[in-house]
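The file structure02.tsv comes next; it holds TSV, C-alpha atoms and all ligand atoms.
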```
chain	number	residue	atom	x	y	z
E	1	MET	CA	0.00	0.00	0.00
E	2	THR	CA	1.35	3.43	-0.96
E	3	LEU	CA	0.52	6.88	0.45
E	4	GLY	CA	-1.35	7.62	-2.79
E	5	ASP	CA	-3.37	4.38	-2.69
E	6	HIS	CA	-4.26	4.95	0.96
E	7	THR	CA	-5.30	8.61	0.81
E	8	GLY	CA	-6.79	8.29	-2.69
E	9	GLY	CA	-8.95	5.36	-1.54
E	10	GLN	CA	-10.08	7.30	1.54
E	11	LEU	CA	-11.03	10.29	-0.59
E	12	ARG	CA	-12.94	8.17	-3.11
E	13	ARG	CA	-14.99	6.54	-0.32
E	14	LEU	CA	-15.61	9.88	1.42
E	15	CYS	CA	-16.90	11.34	-1.85
E	16	GLU	CA	-19.30	8.44	-2.21
E	17	VAL	CA	-20.55	8.93	1.38
E	18	ALA	CA	-21.17	12.59	0.46
E	19	GLY	CA	-23.31	11.61	-2.51
E	20	LEU	CA	-20.87	12.30	-5.36
E	21	SER	CA	-20.95	10.06	-8.42
E	22	ALA	CA	-18.41	7.26	-8.78
E	23	ALA	CA	-16.94	9.17	-11.74
E	24	ASP	CA	-16.40	12.36	-9.68
E	25	ALA	CA	-15.08	10.33	-6.74
E	26	GLY	CA	-12.55	8.60	-9.01
E	27	SER	CA	-11.36	11.79	-10.68
E	28	TYR	CA	-10.95	13.60	-7.33
E	29	ALA	CA	-8.94	10.64	-5.97
E	30	ARG	CA	-6.65	10.86	-9.04
E	31	LEU	CA	-6.35	14.61	-8.54
E	32	LEU	CA	-5.15	14.12	-4.96
E	33	VAL	CA	-2.51	11.63	-6.15
E	34	ASP	CA	-1.39	14.14	-8.84
E	35	VAL	CA	-1.05	16.95	-6.30
E	36	LEU	CA	0.98	14.72	-3.95
E	37	GLY	CA	3.39	14.07	-6.82
E	38	PRO	CA	6.21	11.50	-6.45
E	39	VAL	CA	5.58	10.98	-2.69
E	40	ALA	CA	2.27	9.29	-3.61
E	41	ASP	CA	4.35	6.25	-4.60
E	42	ARG	CA	5.98	5.86	-1.17
E	43	PRO	CA	5.00	2.68	0.61
E	44	LEU	CA	3.32	3.32	3.96
E	45	THR	CA	5.97	1.12	5.60
E	46	VAL	CA	8.58	3.90	5.24
E	47	PRO	CA	8.29	7.01	7.44
E	48	PRO	CA	6.23	10.06	6.38
E	49	PRO	CA	7.93	12.14	3.65
E	50	ASN	CA	8.54	15.15	5.95
E	51	ARG	CA	7.70	16.45	9.44
E	52	THR	CA	4.67	18.46	8.34
E	53	PHE	CA	2.32	19.71	11.10
E	54	LEU	CA	-0.58	19.49	8.65
E	55	SER	CA	-1.67	16.43	10.63
E	56	ASP	CA	-0.55	14.89	13.92
E	57	ASP	CA	1.06	11.79	12.35
E	58	HIS	CA	2.65	13.85	9.51
E	59	THR	CA	0.37	12.53	6.80
E	60	PRO	CA	0.49	15.40	4.25
E	61	VAL	CA	-3.28	15.06	3.70
E	62	GLU	CA	-6.33	15.90	5.87
E	63	PHE	CA	-9.97	15.62	4.85
E	64	SER	CA	-12.95	17.65	5.97
E	65	LEU	CA	-16.70	17.49	5.60
E	66	SER	CA	-18.65	20.71	5.60
E	67	PHE	CA	-22.34	20.56	6.50
E	68	ARG	CA	-25.33	22.84	5.89
E	69	PRO	CA	-28.93	22.03	6.77
E	70	GLY	CA	-30.82	20.13	4.09
E	71	ALA	CA	-27.89	19.42	1.76
E	72	ASP	CA	-25.29	16.72	1.19
E	73	PRO	CA	-22.02	17.54	2.94
E	74	THR	CA	-19.18	18.99	0.85
E	75	VAL	CA	-15.93	17.03	0.87
E	76	ARG	CA	-12.68	18.92	1.02
E	77	VAL	CA	-9.08	17.81	1.18
E	78	LEU	CA	-6.07	19.74	2.51
E	79	VAL	CA	-2.71	18.71	1.05
E	80	GLU	CA	0.91	19.82	1.23
E	81	PRO	CA	2.18	19.57	-2.36
E	82	GLY	CA	5.78	20.26	-1.27
E	83	CYS	CA	5.84	17.51	1.36
E	84	GLY	CA	8.69	15.73	-0.46
E	85	THR	CA	11.11	18.12	1.28
E	86	ASP	CA	11.62	19.80	4.66
E	87	ARG	CA	13.18	22.85	2.94
E	88	LEU	CA	10.65	25.71	2.82
E	89	LEU	CA	12.07	27.29	-0.34
E	90	GLU	CA	11.79	24.08	-2.32
E	91	ALA	CA	8.36	23.25	-0.81
E	92	GLY	CA	7.08	26.69	-1.81
E	93	ARG	CA	8.28	26.24	-5.40
E	94	VAL	CA	6.64	22.84	-5.72
E	95	GLY	CA	3.42	24.13	-4.14
E	96	LEU	CA	3.24	27.14	-6.42
E	97	ALA	CA	3.90	24.97	-9.49
E	98	GLN	CA	1.03	22.65	-8.50
E	99	VAL	CA	-1.36	25.57	-7.99
E	100	ARG	CA	-0.37	27.04	-11.37
E	101	ALA	CA	-0.88	23.66	-13.05
E	102	MET	CA	-4.42	23.46	-11.60
E	103	ALA	CA	-5.11	27.05	-12.69
E	104	ARG	CA	-4.14	26.16	-16.28
E	105	ARG	CA	-6.12	22.93	-16.19
E	106	TRP	CA	-9.36	24.57	-15.04
E	107	GLY	CA	-8.76	28.02	-16.45
E	108	PHE	CA	-8.88	30.05	-13.24
E	109	SER	CA	-6.83	33.07	-12.29
E	110	THR	CA	-4.07	33.16	-9.66
E	111	ALA	CA	-4.02	36.98	-9.68
E	112	SER	CA	-4.61	37.44	-5.93
E	113	LEU	CA	-1.86	34.93	-5.10
E	114	ASP	CA	0.53	36.57	-7.57
E	115	GLU	CA	-0.23	39.93	-5.92
E	116	VAL	CA	1.03	38.78	-2.48
E	117	GLY	CA	3.33	35.87	-3.38
E	118	ASP	CA	6.60	37.68	-2.59
E	119	LEU	CA	5.41	38.35	1.00
E	120	PHE	CA	4.69	34.71	1.81
E	121	LEU	CA	7.13	32.93	-0.51
E	122	PRO	CA	10.30	35.03	-0.13
E	123	ASP	CA	13.80	33.90	-1.19
E	124	THR	CA	14.83	33.10	2.38
E	125	PRO	CA	11.59	31.77	3.89
E	126	GLN	CA	11.00	31.30	7.62
E	127	GLY	CA	7.98	29.96	9.49
E	128	ALA	CA	6.21	26.64	9.82
E	129	LEU	CA	4.91	25.94	6.32
E	130	ALA	CA	5.42	27.12	2.75
E	131	LEU	CA	2.13	26.46	0.97
E	132	TRP	CA	-0.79	24.17	1.59
E	133	CYS	CA	-3.60	23.71	-0.83
E	134	ALA	CA	-7.21	22.83	-0.04
E	135	LEU	CA	-9.60	21.52	-2.66
E	136	GLU	CA	-13.37	21.72	-2.26
E	137	LEU	CA	-14.94	18.96	-4.28
E	138	PRO	CA	-18.43	19.74	-5.63
E	139	PRO	CA	-20.36	17.45	-7.99
E	140	GLY	CA	-19.06	17.81	-11.55
E	141	GLY	CA	-15.35	17.08	-11.14
E	142	VAL	CA	-14.06	20.68	-11.02
E	143	PRO	CA	-12.53	21.59	-7.64
E	144	ARG	CA	-12.57	24.97	-5.95
E	145	VAL	CA	-9.02	25.77	-4.85
E	146	LYS	CA	-7.73	27.52	-1.72
E	147	VAL	CA	-4.12	28.23	-0.78
E	148	TYR	CA	-2.76	28.52	2.78
E	149	LEU	CA	0.36	30.58	3.46
E	150	ASP	CA	2.40	31.44	6.55
E	151	PRO	CA	2.26	35.04	7.86
E	152	ALA	CA	5.63	34.31	9.55
E	153	ALA	CA	7.31	33.57	6.19
E	154	SER	CA	9.20	36.87	6.31
E	155	GLY	CA	9.92	36.48	10.06
E	156	ALA	CA	7.52	35.83	12.94
E	157	GLU	CA	8.21	39.34	14.28
E	158	HIS	CA	6.93	40.75	10.97
E	159	SER	CA	3.71	38.67	10.79
E	160	GLY	CA	1.49	41.68	11.51
E	161	ALA	CA	3.25	43.86	8.92
E	162	THR	CA	3.12	41.04	6.35
E	163	LEU	CA	-0.63	40.63	6.86
E	164	ARG	CA	-1.26	44.37	6.77
E	165	GLU	CA	0.63	44.66	3.47
E	166	ALA	CA	-1.13	41.61	1.96
E	167	HIS	CA	-4.54	43.03	2.86
E	168	ARG	CA	-3.56	46.44	1.50
E	169	ARG	CA	-2.55	44.98	-1.87
E	170	LEU	CA	-5.85	43.10	-2.08
E	171	GLY	CA	-7.83	46.25	-1.34
E	172	HIS	CA	-8.79	45.41	2.27
E	173	LEU	CA	-7.22	48.57	3.60
E	174	ARG	CA	-8.33	48.48	7.21
E	175	ALA	CA	-8.75	44.73	7.59
E	176	PHE	CA	-5.88	44.12	9.98
E	177	GLU	CA	-7.01	46.87	12.36
E	178	SER	CA	-10.43	45.25	12.62
E	179	LEU	CA	-9.08	41.97	14.05
E	180	PRO	CA	-9.32	41.03	17.73
E	181	GLU	CA	-6.24	40.44	19.88
E	182	ALA	CA	-4.41	37.19	19.17
E	183	ASP	CA	-1.50	35.05	20.37
E	184	GLY	CA	-0.32	34.49	16.80
E	185	TYR	CA	-1.28	34.32	13.16
E	186	PRO	CA	-0.89	30.74	11.92
E	187	PHE	CA	-2.31	31.12	8.39
E	188	PHE	CA	-3.33	33.49	5.62
E	189	ALA	CA	-5.58	31.92	2.98
E	190	LEU	CA	-6.93	32.86	-0.43
E	191	ASP	CA	-9.77	31.42	-2.49
E	192	LEU	CA	-8.71	31.00	-6.13
E	193	GLY	CA	-10.92	30.03	-9.04
E	194	GLU	CA	-14.68	29.99	-9.40
E	195	TRP	CA	-16.03	31.14	-6.01
E	196	SER	CA	-19.10	33.33	-5.89
E	197	GLU	CA	-17.33	35.57	-3.34
E	198	PRO	CA	-13.59	34.82	-3.11
E	199	ARG	CA	-12.27	35.38	0.41
E	200	ALA	CA	-8.99	36.48	1.92
E	201	LYS	CA	-8.87	34.85	5.34
E	202	VAL	CA	-6.70	35.39	8.41
E	203	TYR	CA	-6.42	32.77	11.15
E	204	LEU	CA	-5.76	33.87	14.74
E	205	ARG	CA	-4.50	31.74	17.61
E	206	HIS	CA	-6.14	32.09	21.05
E	207	GLU	CA	-4.37	30.40	23.98
E	208	GLY	CA	-6.52	29.42	26.96
E	209	LEU	CA	-9.72	30.41	25.15
E	210	THR	CA	-12.82	30.48	27.38
E	211	ALA	CA	-16.53	30.51	26.55
E	212	GLY	CA	-16.63	33.95	28.14
E	213	ARG	CA	-14.14	35.32	25.57
E	214	VAL	CA	-15.49	33.65	22.43
E	215	GLY	CA	-18.17	36.26	21.75
E	216	SER	CA	-15.63	39.09	21.80
E	217	LEU	CA	-13.69	37.55	18.88
E	218	VAL	CA	-16.56	38.01	16.42
E	219	ARG	CA	-15.93	41.04	14.22
E	220	CYS	CA	-18.28	40.53	11.29
E	221	ALA	CA	-21.29	42.78	11.20
E	222	GLY	CA	-24.50	40.83	11.58
E	223	GLY	CA	-26.44	39.62	14.52
E	224	GLY	CA	-26.65	36.71	16.87
E	225	GLU	CA	-23.35	35.07	15.86
E	226	GLU	CA	-21.85	35.59	19.30
E	227	ARG	CA	-24.44	33.45	21.11
E	228	ALA	CA	-24.21	30.66	18.55
E	229	MET	CA	-20.41	30.66	18.78
E	230	VAL	CA	-20.43	30.43	22.58
E	231	GLU	CA	-22.86	27.48	22.45
E	232	PHE	CA	-20.73	25.81	19.81
E	233	PHE	CA	-17.55	26.31	21.85
E	234	ARG	CA	-19.17	24.66	24.88
E	235	ALA	CA	-20.56	21.74	22.91
E	236	ALA	CA	-17.35	21.04	20.97
E	237	SER	CA	-14.87	21.46	23.84
E	238	GLY	CA	-17.04	19.87	26.52
E	239	ILE	CA	-16.12	22.83	28.77
E	240	GLU	CA	-19.25	24.15	30.46
E	241	GLU	CA	-17.88	26.84	32.81
E	242	SER	CA	-17.57	30.34	31.32
E	243	ASP	CA	-14.15	31.00	32.82
E	244	ALA	CA	-12.49	27.59	32.25
E	245	GLY	CA	-10.23	27.65	29.21
E	246	LEU	CA	-8.63	25.38	26.66
E	247	THR	CA	-5.49	23.99	28.29
E	248	GLY	CA	-4.21	21.96	25.33
E	249	ARG	CA	-4.04	23.07	21.70
E	250	PRO	CA	-5.41	26.60	21.29
E	251	GLY	CA	-8.64	27.64	19.63
E	252	LEU	CA	-8.41	29.41	16.27
E	253	SER	CA	-10.64	32.11	14.84
E	254	CYS	CA	-10.77	32.83	11.13
E	255	HIS	CA	-11.85	36.18	9.72
E	256	ALA	CA	-12.91	36.32	6.06
E	257	PHE	CA	-12.71	39.49	3.97
E	258	THR	CA	-14.69	39.63	0.74
E	259	ASP	CA	-15.48	43.26	-0.04
E	260	ALA	CA	-12.68	45.68	-0.76
E	261	GLY	CA	-13.37	48.93	0.98
E	262	SER	CA	-15.23	47.47	3.95
E	263	ALA	CA	-13.34	47.69	7.20
E	264	ARG	CA	-15.03	44.62	8.60
E	265	PRO	CA	-14.81	40.95	7.76
E	266	SER	CA	-17.92	39.33	6.27
E	267	GLY	CA	-17.26	35.92	7.76
E	268	PHE	CA	-16.20	34.38	11.08
E	269	THR	CA	-15.23	30.80	11.89
E	270	LEU	CA	-14.30	29.28	15.24
E	271	HIS	CA	-12.10	26.15	15.18
E	272	VAL	CA	-11.97	23.91	18.28
E	273	PRO	CA	-9.23	21.22	18.33
E	274	VAL	CA	-11.62	18.63	19.77
E	275	ARG	CA	-8.94	15.92	19.81
E	276	ASP	CA	-7.28	17.52	22.84
E	277	TYR	CA	-10.54	17.73	24.78
E	278	ALA	CA	-12.13	14.33	24.20
E	279	PRO	CA	-10.77	10.99	25.44
E	280	HIS	CA	-11.46	9.17	22.16
E	281	ASP	CA	-13.21	9.58	18.83
E	282	ALA	CA	-16.51	8.07	19.97
E	283	GLU	CA	-16.80	11.06	22.30
E	284	ALA	CA	-15.59	13.48	19.60
E	285	LEU	CA	-18.20	12.04	17.24
E	286	ALA	CA	-20.95	12.42	19.85
E	287	ARG	CA	-19.97	16.08	20.30
E	288	ALA	CA	-19.94	16.61	16.53
E	289	GLU	CA	-23.39	15.03	16.25
E	290	GLY	CA	-24.65	17.34	18.99
E	291	VAL	CA	-23.26	20.40	17.23
E	292	LEU	CA	-24.80	19.29	13.92
E	293	ARG	CA	-28.17	18.65	15.59
E	294	ASP	CA	-28.10	22.16	17.10
E	295	GLN	CA	-27.83	23.52	13.55
E	296	GLY	CA	-30.59	21.26	12.24
E	297	ILE	CA	-28.17	19.00	10.35
E	298	ASP	CA	-28.26	15.20	10.05
E	299	GLY	CA	-25.05	13.75	11.57
E	300	ASP	CA	-25.36	10.36	9.95
E	301	PRO	CA	-22.97	11.07	7.04
E	302	LEU	CA	-20.20	11.94	9.51
E	303	ALA	CA	-20.44	8.58	11.26
E	304	ARG	CA	-20.34	6.89	7.85
E	305	ALA	CA	-17.39	9.06	6.83
E	306	LEU	CA	-15.35	7.76	9.76
E	307	GLY	CA	-16.07	4.24	8.54
E	308	ALA	CA	-14.91	5.26	5.06
E	309	LEU	CA	-11.56	6.38	6.50
E	310	THR	CA	-10.64	3.51	8.79
E	311	PRO	CA	-11.83	0.12	10.01
E	312	ARG	CA	-10.77	0.96	13.60
E	313	ARG	CA	-13.47	1.62	16.18
E	314	PRO	CA	-13.83	5.31	17.17
E	315	GLU	CA	-13.25	4.47	20.86
E	316	ASP	CA	-9.88	2.88	20.03
E	317	GLY	CA	-8.06	6.14	19.28
E	318	VAL	CA	-8.30	9.92	19.34
E	319	GLY	CA	-7.64	12.44	16.57
E	320	LEU	CA	-9.62	10.89	13.73
E	321	ILE	CA	-11.75	14.02	14.27
E	322	ALA	CA	-9.08	16.72	14.61
E	323	TYR	CA	-11.13	19.92	14.68
E	324	LEU	CA	-14.76	20.99	14.73
E	325	ALA	CA	-15.63	24.40	13.30
E	326	LEU	CA	-18.68	26.62	13.06
E	327	ALA	CA	-18.67	29.19	10.24
E	328	HIS	CA	-20.87	32.21	9.75
E	329	GLN	CA	-20.65	33.97	6.38
E	330	ARG	CA	-22.87	36.96	5.70
E	331	GLY	CA	-25.93	36.04	3.66
E	332	ARG	CA	-25.55	32.26	4.08
E	333	THR	CA	-26.77	29.61	6.46
E	334	PRO	CA	-24.16	28.62	9.08
E	335	ARG	CA	-21.85	25.73	8.24
E	336	VAL	CA	-20.38	23.07	10.53
E	337	THR	CA	-17.10	21.49	9.44
E	338	ALA	CA	-15.47	18.34	10.80
E	339	TYR	CA	-11.76	17.91	9.95
E	340	VAL	CA	-10.95	14.22	9.75
E	341	SER	CA	-7.56	12.56	9.66
E	342	SER	CA	-6.05	10.05	7.31
E	343	GLU	CA	-4.02	8.29	10.06
E	344	ALA	CA	-1.84	6.89	7.26
E	345	TYR	CA	1.10	6.53	9.66
E	346	ALA	CA	-0.19	6.42	13.23
E	347	VAL	CA	-3.23	6.36	15.49
E	348	THR	CA	-3.07	8.32	18.76
E	349	PRO	CA	-4.22	6.06	21.60
E	350	PRO	CA	-7.23	7.19	23.67
E	351	THR	CA	-6.47	9.62	26.50
E	352	ASP	CA	-7.66	8.40	29.88
E	353	ARG	CA	-10.34	10.52	31.45
E	354	ALA	CA	-8.30	11.25	34.58
E	355	SER	CA	-5.55	13.02	32.64
E	356	LEU	CA	-8.08	14.93	30.52
E	357	ALA	CA	-9.78	16.12	33.69
E	358	ALA	CA	-6.43	17.10	35.23
E	359	ALA	CA	-5.57	19.11	32.12
E	360	ALA	CA	-8.94	20.82	32.17
E	361	GLY	CA	-8.78	21.62	35.90
K	1	LIG	N1	-2.66	20.27	12.09
K	1	LIG	C1	-2.52	21.69	12.26
K	1	LIG	C2	-3.23	22.12	13.56
K	1	LIG	O1	-3.77	21.32	14.25
K	1	LIG	C3	-3.02	22.52	11.08
K	1	LIG	C4	-4.42	22.24	10.66
K	1	LIG	C5	-4.82	21.22	9.84
K	1	LIG	C6	-5.59	22.97	11.01
K	1	LIG	N2	-6.17	21.28	9.66
K	1	LIG	C7	-6.68	22.31	10.36
K	1	LIG	C8	-5.86	24.08	11.79
K	1	LIG	C9	-8.00	22.76	10.51
K	1	LIG	C10	-7.18	24.51	11.94
K	1	LIG	C11	-8.23	23.85	11.31
K	1	LIG	O2	-3.22	23.30	13.90
```
With the file now loaded, output its structure as structure tokens.
Amino acid sequence: MTLGDHTGGQLRRLCEVAGLSAADAGSYARLLVDVLGPVADRPLTVPPPNRTFLSDDHTPVEFSLSFRPGADPTVRVLVEPGCGTDRLLEAGRVGLAQVRAMARRWGFSTASLDEVGDLFLPDTPQGALALWCALELPPGGVPRVKVYLDPAASGAEHSGATLREAHRRLGHLRAFESLPEADGYPFFALDLGEWSEPRAKVYLRHEGLTAGRVGSLVRCAGGGEERAMVEFFRAASGIEESDAGLTGRPGLSCHAFTDAGSARPSGFTLHVPVRDYAPHDAEALARAEGVLRDQGIDGDPLARALGALTPRRPEDGVGLIAYLALAHQRGRTPRVTAYVSSEAYAVTPPTDRASLAAAAG
């Protein structure tokens, strides 16, 4: 079994769970193998190609299912095209070449990426990643493409300046000033290709996040998001008290900018790393099902998706569900996303309840 066979097979089965045709499922699985490049041929018996933090076991692929009421879930896949190397410069070149190849293949523009490329892919890159690529996989076989870049690429101490300049070039002049306080800026992301409203997104890290603070992170104009986000935070983290915080991996907020000229983001997403706050995946799945139910969404496809990824029982490991997220985008119904792992190389054993409780206390 190779990395390409393993992750391609998982993607094909996930697509079928999500109601895509066998033809679409097959062509998306081939696309993933193409984007992985030569590392797709590595047998799973040799170690992961690099030390990527894209997933906990260094699989350079992570899946997600995005849910809205009354519709089939959308399958997405996050991949590190440059995972054949640990050198950021080389990884960035490979990643950019893959994105350009997809742009030629489907005839979309990379103009926004070209506009800011020098900021995030400099000649002497720093930071934690070069370029990740996420593909949203609708029926029809044509993916929607997103790229993820590192605000620390020109030095962690310059992350704020890098983001401010990127937003300025894209016409979001006062975007950075509108963001809440953060403990770091892990990602900057751009939608490329055929999106109805392409977004520039900034991800913020929040150490020790509490339910009491969640509402204050929301910056998009609208109404009622704060309450929904607080409820979601409680349900996903399992932390009921308003002043008890996340003691493991931090929460992330994501702020989406779509209209040049507006000082405020039009979208807000809260990401909870549920794998650090649940003893095993049966519990993570139960939380996810609760969150979906709260939004009026059928959780059944998620349970089937886990079965499409692995034959192991959910209670026999933790991290198959890595994150849960709730997204509000102006003018749309809220979306719930579950990020699910490939576990190509390793399964994290369940955490015993006593040590979870100690961490939470
Ligand atoms: N694995 C990394 C993390 O846990 C990056 C990552 C992968 C991530 N998928 C994600 C972050 C989804 C937020 C949401 O931070």
For Ala263 in chain E, find every residue with an atom within 8 Å (counting only C-alpha atoms), except residues of its own chain fewer than 6 positions away, and show them as a list in words.
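My list of contacting residues is His172, Leu173, Arg174, Ala175 and Ser178 of chain E.
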Per residue of chain E within 10 Å of ligand LIG 1 (chain K), record the nearest atom pair and its distance in Å to one decimal, counting only C-alpha atoms and all ligand atoms, with rows in chain order and ascending residue number, as a tab-separated table.
```
residue	atom	partner	partner_atom	distance
E:Thr52	CA	K:LIG1	N1	8.4
E:Phe53	CA	K:LIG1	N1	5.1
E:Leu54	CA	K:LIG1	N1	4.1
E:Ser55	CA	K:LIG1	N1	4.2
E:Asp56	CA	K:LIG1	N1	6.1
E:Asp57	CA	K:LIG1	N1	9.3
E:His58	CA	K:LIG1	N1	8.7
E:Thr59	CA	K:LIG1	N1	9.9
E:Pro60	CA	K:LIG1	C5	9.7
E:Val61	CA	K:LIG1	C5	8.8
E:Glu62	CA	K:LIG1	N2	6.6
E:Phe63	CA	K:LIG1	N2	8.3
E:Ser64	CA	K:LIG1	C9	8.4
E:Val77	CA	K:LIG1	N2	9.6
E:Leu78	CA	K:LIG1	N2	7.3
E:Val79	CA	K:LIG1	C5	9.4
E:Leu129	CA	K:LIG1	C3	9.9
E:Trp132	CA	K:LIG1	C5	9.6
E:Ala134	CA	K:LIG1	N2	9.9
E:Pro186	CA	K:LIG1	O2	8.0
E:Phe187	CA	K:LIG1	C8	8.6
E:Tyr203	CA	K:LIG1	C10	8.3
E:Leu204	CA	K:LIG1	C10	9.9
E:Arg205	CA	K:LIG1	O2	9.3
E:Arg249	CA	K:LIG1	O1	7.7
E:Pro250	CA	K:LIG1	O2	8.4
E:Gly251	CA	K:LIG1	C10	8.4
E:Leu252	CA	K:LIG1	C10	6.7
E:Ser253	CA	K:LIG1	C10	8.8
E:Cys254	CA	K:LIG1	C10	9.1
E:Thr269	CA	K:LIG1	C11	9.9
E:Leu270	CA	K:LIG1	C11	9.0
E:His271	CA	K:LIG1	C11	5.9
E:Val272	CA	K:LIG1	C11	7.9
E:Pro273	CA	K:LIG1	O1	6.8
E:Val274	CA	K:LIG1	O1	10.0
E:Arg275	CA	K:LIG1	O1	9.3
E:Gly319	CA	K:LIG1	O1	10.0
E:Ala322	CA	K:LIG1	O1	7.0
E:Tyr323	CA	K:LIG1	C11	5.9
E:Leu324	CA	K:LIG1	C11	7.9
E:Ala325	CA	K:LIG1	C11	7.7
E:Thr337	CA	K:LIG1	C9	9.3
E:Ala338	CA	K:LIG1	C9	8.7
E:Tyr339	CA	K:LIG1	C9	6.2
E:Val340	CA	K:LIG1	N2	8.5
E:Ser341	CA	K:LIG1	N2	8.8
```
Could the residues in this selection be saved with C-alpha atoms as a PDB file, in the frame of the given file?
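See again-v2.pdb below for the written result:
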```
ATOM      1  CA  THR E  52       4.670  18.460   8.340  1.00  0.00           C
ATOM      2  CA  PHE E  53       2.320  19.710  11.100  1.00  0.00           C
ATOM      3  CA  LEU E  54      -0.580  19.490   8.650  1.00  0.00           C
ATOM      4  CA  SER E  55      -1.670  16.430  10.630  1.00  0.00           C
ATOM      5  CA  ASP E  56      -0.550  14.890  13.920  1.00  0.00           C
ATOM      6  CA  ASP E  57       1.060  11.790  12.350  1.00  0.00           C
ATOM      7  CA  HIS E  58       2.650  13.850   9.510  1.00  0.00           C
ATOM      8  CA  THR E  59       0.370  12.530   6.800  1.00  0.00           C
ATOM      9  CA  PRO E  60       0.490  15.400   4.250  1.00  0.00           C
ATOM     10  CA  VAL E  61      -3.280  15.060   3.700  1.00  0.00           C
ATOM     11  CA  GLU E  62      -6.330  15.900   5.870  1.00  0.00           C
ATOM     12  CA  PHE E  63      -9.970  15.620   4.850  1.00  0.00           C
ATOM     13  CA  SER E  64     -12.950  17.650   5.970  1.00  0.00           C
ATOM     14  CA  VAL E  77      -9.080  17.810   1.180  1.00  0.00           C
ATOM     15  CA  LEU E  78      -6.070  19.740   2.510  1.00  0.00           C
ATOM     16  CA  VAL E  79      -2.710  18.710   1.050  1.00  0.00           C
ATOM     17  CA  LEU E 129       4.910  25.940   6.320  1.00  0.00           C
ATOM     18  CA  TRP E 132      -0.790  24.170   1.590  1.00  0.00           C
ATOM     19  CA  ALA E 134      -7.210  22.830  -0.040  1.00  0.00           C
ATOM     20  CA  PRO E 186      -0.890  30.740  11.920  1.00  0.00           C
ATOM     21  CA  PHE E 187      -2.310  31.120   8.390  1.00  0.00           C
ATOM     22  CA  TYR E 203      -6.420  32.770  11.150  1.00  0.00           C
ATOM     23  CA  LEU E 204      -5.760  33.870  14.740  1.00  0.00           C
ATOM     24  CA  ARG E 205      -4.500  31.740  17.610  1.00  0.00           C
ATOM     25  CA  ARG E 249      -4.040  23.070  21.700  1.00  0.00           C
ATOM     26  CA  PRO E 250      -5.410  26.600  21.290  1.00  0.00           C
ATOM     27  CA  GLY E 251      -8.640  27.640  19.630  1.00  0.00           C
ATOM     28  CA  LEU E 252      -8.410  29.410  16.270  1.00  0.00           C
ATOM     29  CA  SER E 253     -10.640  32.110  14.840  1.00  0.00           C
ATOM     30  CA  CYS E 254     -10.770  32.830  11.130  1.00  0.00           C
ATOM     31  CA  THR E 269     -15.230  30.800  11.890  1.00  0.00           C
ATOM     32  CA  LEU E 270     -14.300  29.280  15.240  1.00  0.00           C
ATOM     33  CA  HIS E 271     -12.100  26.150  15.180  1.00  0.00           C
ATOM     34  CA  VAL E 272     -11.970  23.910  18.280  1.00  0.00           C
ATOM     35  CA  PRO E 273      -9.230  21.220  18.330  1.00  0.00           C
ATOM     36  CA  VAL E 274     -11.620  18.630  19.770  1.00  0.00           C
ATOM     37  CA  ARG E 275      -8.940  15.920  19.810  1.00  0.00           C
ATOM     38  CA  GLY E 319      -7.640  12.440  16.570  1.00  0.00           C
ATOM     39  CA  ALA E 322      -9.080  16.720  14.610  1.00  0.00           C
ATOM     40  CA  TYR E 323     -11.130  19.920  14.680  1.00  0.00           C
ATOM     41  CA  LEU E 324     -14.760  20.990  14.730  1.00  0.00           C
ATOM     42  CA  ALA E 325     -15.630  24.400  13.300  1.00  0.00           C
ATOM     43  CA  THR E 337     -17.100  21.490   9.440  1.00  0.00           C
ATOM     44  CA  ALA E 338     -15.470  18.340  10.800  1.00  0.00           C
ATOM     45  CA  TYR E 339     -11.760  17.910   9.950  1.00  0.00           C
ATOM     46  CA  VAL E 340     -10.950  14.220   9.750  1.00  0.00           C
ATOM     47  CA  SER E 341      -7.560  12.560   9.660  1.00  0.00           C
TER      48      SER E 341
END
```
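Taking CA of Gly245 in chain E and CA of His280 in chain E as endpoints, the distance between them is 19.8 Å.
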List the spatial neighbours of Ala256 in chain E as a ChimeraX atom specification - criterion: any atom at most 6 Å away, only C-alpha atoms, same-chain residues fewer than 5 positions off excluded.
/E:199-201,265-267
Go through E:Met102, E:Leu113, E:Ala130, E:Leu135 and flag the residue nearest Ala152 in chain E, using only C-alpha atoms for the distances.
E:Ala130
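Counting from CA of Pro38 in chain E, the distance to CA of Arg13 in chain E is 22.6 Å.
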Set the distance at 10 Å and use all atoms listed in the file: which residues neighbour Leu306 in chain E once local chain neighbours fewer than 4 positions away are removed? I'd like the list as a list in words.
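Here the answer would be Gln10, Leu14, Val17, Asp281, Leu285, Pro301, Leu302, Thr310, Pro311, Arg312, Arg313, Pro314, Leu320, Ile321, Val340, Ser341 and Ser342 of chain E.
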Residue with the minimum atom-to-atom distance to Ala71 in chain E, picked from E:Glu315, E:Asp34, E:Asp298, E:Glu16 with only C-alpha atoms counted, is E:Asp298
Nearest to Val46 in chain E by atom-to-atom distance, counting all atoms listed in the file, from E:Ala161, E:Glu115, E:Ala344, E:Ser355:
E:Ala344
Quick one: residues within 12 Å of Asp150 in chain E, all atoms listed in the file, excluding same-chain residues fewer than 5 positions away - as a PyMOL selection string?
chain E and resi 88+92+116-122+125-132+155-156+158-160+162-163+166+184-190+201-204
Shortest interatomic distance to Ala260 in chain E - which of E:Glu231, E:Glu197, E:Glu289, E:Asp316, counting all atoms listed in the file
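Between E:Glu231, E:Glu197, E:Glu289, E:Asp316, the residue approaching Ala260 in chain E most closely is E:Glu197.
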